[in-house]
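The structure under discussion appears below in the form of structure tokens.
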Amino acid sequence: MSKVMTGIGGFFRSIGCFFRDFGEAVAKGDVFVKLSLVWMGAGYFKRKQYIKALLMTLFEVLILYYTFAFAMDYVPKFGTLGTVQQESVFNMETMQNEFNDYDHSFLILLFSLFSFVVWAIGIVVWLRNIIHVYELQKRAEKNLHINTFREDIAEYKNHKFHITLLTLPVLGILFFTVIPLLVLILVAFTNYDQQHMPPSALFTWTGLTNFKNLFGMGGMTITFGYAFGRILIWTLVWAFFATLTTYIGGILLSLLINSKKTKLPKMWRTLFVVTIAVPQFVSLLLVRNFFADNGIVNTICANIGLTGWLRDVGLIRTSYIPFLSAPGWAHVMIILINIWVGVPYQMLIATGVLMNIPSEQLESARIDGATPAQVFRHITMPYMLFVTGPALVTDFVKNINNFNVIYLLTESVFTTTNQALANSQAKEVDLLVTWLFRLTQDNYNYKMASAIGIMVFIICAIFTLFTFNKMIKGDREEAFR
């Protein structure tokens, strides 16, 4: 955690230095530097950098044009997310019903946020521009060479080429990843649901109401608190067992296939690799049909008498085994099916890592009389955990958000009998991510889905930061050399 805090401290120090340089530029800059506060191209014009002066002036004009021609139609309404409801009005001139000039809450939210980002970029460029023209002033006072526009372009092709390469990807992430995430976060503080669906209806800000309801503190007759607690526990249990079973299973399978006592190892390895080649959703849909209430597995179990025996001992009350249609049974089957789906992939990873274990360590252990179990415990597993630790953390987070396995296996075969969960549009087998999907896709409850999405992010972020900080402590690499 200390490294994380050090990084955060360095970030804020950099911001402090940036504003200190800006303050110095404004205080000590000449008239053209100060004029650049209003006309961004003034400082470049003074230093005869006319192309830069033109580009910065054009940038300023575009920001101002965007502000008054577009942004001001939405940003002033951001505080209320609109007040004019959509209505049908009879137009006497056209003798037809027409919609009034109504507000659209979601467009107000989206374009206001987009405008804030554009303005933030404009402010950063404006601040950096003042600092840069002040640097040009100091170079001119010292009779140092000032680059021409062509020399600046050449520098961005050579010494600053990393900036050139990263500019478009960073802008893409900002507008296509960061802004949608911010919209998701803001929706969690509104009442955007099926009863407040624009354009026919407006939604507005509700503060922390959705989070209070999510944690059962909303004072409502039906709250999401019970469902959230149940689903959160199952999500963490699922992620733990799904990650652990496939990880250990992949290592054991790799050791088994690569053992000198195993016959035809290439054939066995090929058979398991073929399972990876089949798209996962195809495999899951087939397995769901196999284990359905009227599937082939239930038919076989009934024919051999297993179903009747389970009913006699009281484990089931139906004429079939509810592999994927009853709580408990479905939870166990999902984990078991995931082992079958995930172990071959982990086996390939483990094979690559195990081939790089220093052979002298293994040989020394055998000479010292270590048993295969001791070699596995004291050499193989520590080395595997050291090399694949980051991937293991990633797998755990991925399983928290593992939509395919849960949804494809249970969507059409599992029906909840728990009324408290049903009132919150949830099922016993849902993960937080599948519950979120169900809220949006089937019930249009975007406000609660956004609140759940924020909670998923917080859980994954805390776990990732904590585990990675533990992994990078000390110099563990030396132990394996």
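Identifiers in this document derive from the order of the structure tokens: chains are assigned A, B, ..., residues are numbered from 1 separately in each chain, and ligands are numbered from 1 in order of occurrence.
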Against region 245-258 of chain A, which residues of region 263-352 of chain A fall within 7 Å? For each one I want the closest pair of atoms and the distance in Å (one decimal), counting only C-alpha atoms, rows by chain and increasing residue number, as a tab-separated table.
```
residue	atom	partner	partner_atom	distance
A:Pro265	CA	A:Ile257	CA	5.4
A:Trp268	CA	A:Ile257	CA	6.9
A:Arg269	CA	A:Ile257	CA	6.9
A:Ile339	CA	A:Thr246	CA	5.4
A:Gly342	CA	A:Thr246	CA	5.6
A:Val343	CA	A:Thr246	CA	4.7
A:Pro344	CA	A:Gly250	CA	6.4
A:Gln346	CA	A:Gly250	CA	4.6
A:Met347	CA	A:Gly250	CA	4.0
A:Ala350	CA	A:Ile251	CA	5.4
A:Thr351	CA	A:Ser254	CA	5.6
```
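Residue neighbourhood of Val393 (chain A), excluding near-sequence residues (fewer than 5 positions): A:Thr243, A:Thr388, A:Lys398, A:Phe463, A:Thr464, A:Thr467, A:Phe468, at 9 Å, using only C-alpha atoms.
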Near Pro198 (chain A), counting only C-alpha atoms, which residues have an atom at most 8 Å away, once you skip same-chain residues fewer than 6 positions from it, shown as a PDB file with all heavy atoms, in the first residue's frame?
```pdb
ATOM      1  N   HIS A 104     -35.056  16.164 -22.881  1.00  0.00           N
ATOM      2  CA  HIS A 104     -34.685  14.743 -22.883  1.00  0.00           C
ATOM      3  C   HIS A 104     -33.615  14.560 -21.804  1.00  0.00           C
ATOM      4  O   HIS A 104     -32.465  14.956 -21.980  1.00  0.00           O
ATOM      5  CB  HIS A 104     -34.150  14.336 -24.252  1.00  0.00           C
ATOM      6  CG  HIS A 104     -34.055  12.857 -24.461  1.00  0.00           C
ATOM      7  ND1 HIS A 104     -33.249  12.048 -23.696  1.00  0.00           N
ATOM      8  CD2 HIS A 104     -34.662  12.037 -25.353  1.00  0.00           C
ATOM      9  CE1 HIS A 104     -33.357  10.794 -24.106  1.00  0.00           C
ATOM     10  NE2 HIS A 104     -34.217  10.758 -25.108  1.00  0.00           N
ATOM     11  N   SER A 105     -34.007  13.936 -20.686  1.00  0.00           N
ATOM     12  CA  SER A 105     -33.116  13.878 -19.524  1.00  0.00           C
ATOM     13  C   SER A 105     -31.794  13.195 -19.833  1.00  0.00           C
ATOM     14  O   SER A 105     -30.727  13.654 -19.398  1.00  0.00           O
ATOM     15  CB  SER A 105     -33.816  13.150 -18.368  1.00  0.00           C
ATOM     16  OG  SER A 105     -34.936  13.859 -17.934  1.00  0.00           O
ATOM     17  N   PHE A 106     -31.838  12.080 -20.583  1.00  0.00           N
ATOM     18  CA  PHE A 106     -30.599  11.352 -20.826  1.00  0.00           C
ATOM     19  C   PHE A 106     -29.652  12.148 -21.719  1.00  0.00           C
ATOM     20  O   PHE A 106     -28.439  12.160 -21.494  1.00  0.00           O
ATOM     21  CB  PHE A 106     -30.892   9.991 -21.466  1.00  0.00           C
ATOM     22  CG  PHE A 106     -29.678   9.120 -21.587  1.00  0.00           C
ATOM     23  CD1 PHE A 106     -29.194   8.431 -20.483  1.00  0.00           C
ATOM     24  CD2 PHE A 106     -28.990   9.011 -22.782  1.00  0.00           C
ATOM     25  CE1 PHE A 106     -28.061   7.639 -20.581  1.00  0.00           C
ATOM     26  CE2 PHE A 106     -27.863   8.216 -22.892  1.00  0.00           C
ATOM     27  CZ  PHE A 106     -27.397   7.530 -21.787  1.00  0.00           C
TER      28      PHE A 106
END
```
| Residues within 12 Å of Asn210 (chain A), only C-alpha atoms, excluding chain neighbours under 5 positions, as a PyMOL selection string | chain A and resi 185-193+205+215-220+223-225+445-452+454-455
| query | Could you state the separation of CA of Val397 (chain A) and CA of Val332 (chain A) in Å, given to one decimal place? | reply |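 These two atoms are separated by 20.1 Å.
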| Between A:Asp395, A:Leu136, A:Asn97, A:Val183, which is the closest to Val117 (chain A) once you count only C-alpha atoms? |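 Of A:Asp395, A:Leu136, A:Asn97, A:Val183, the one nearest Val117 (chain A) is A:Val183, counting only C-alpha atoms.
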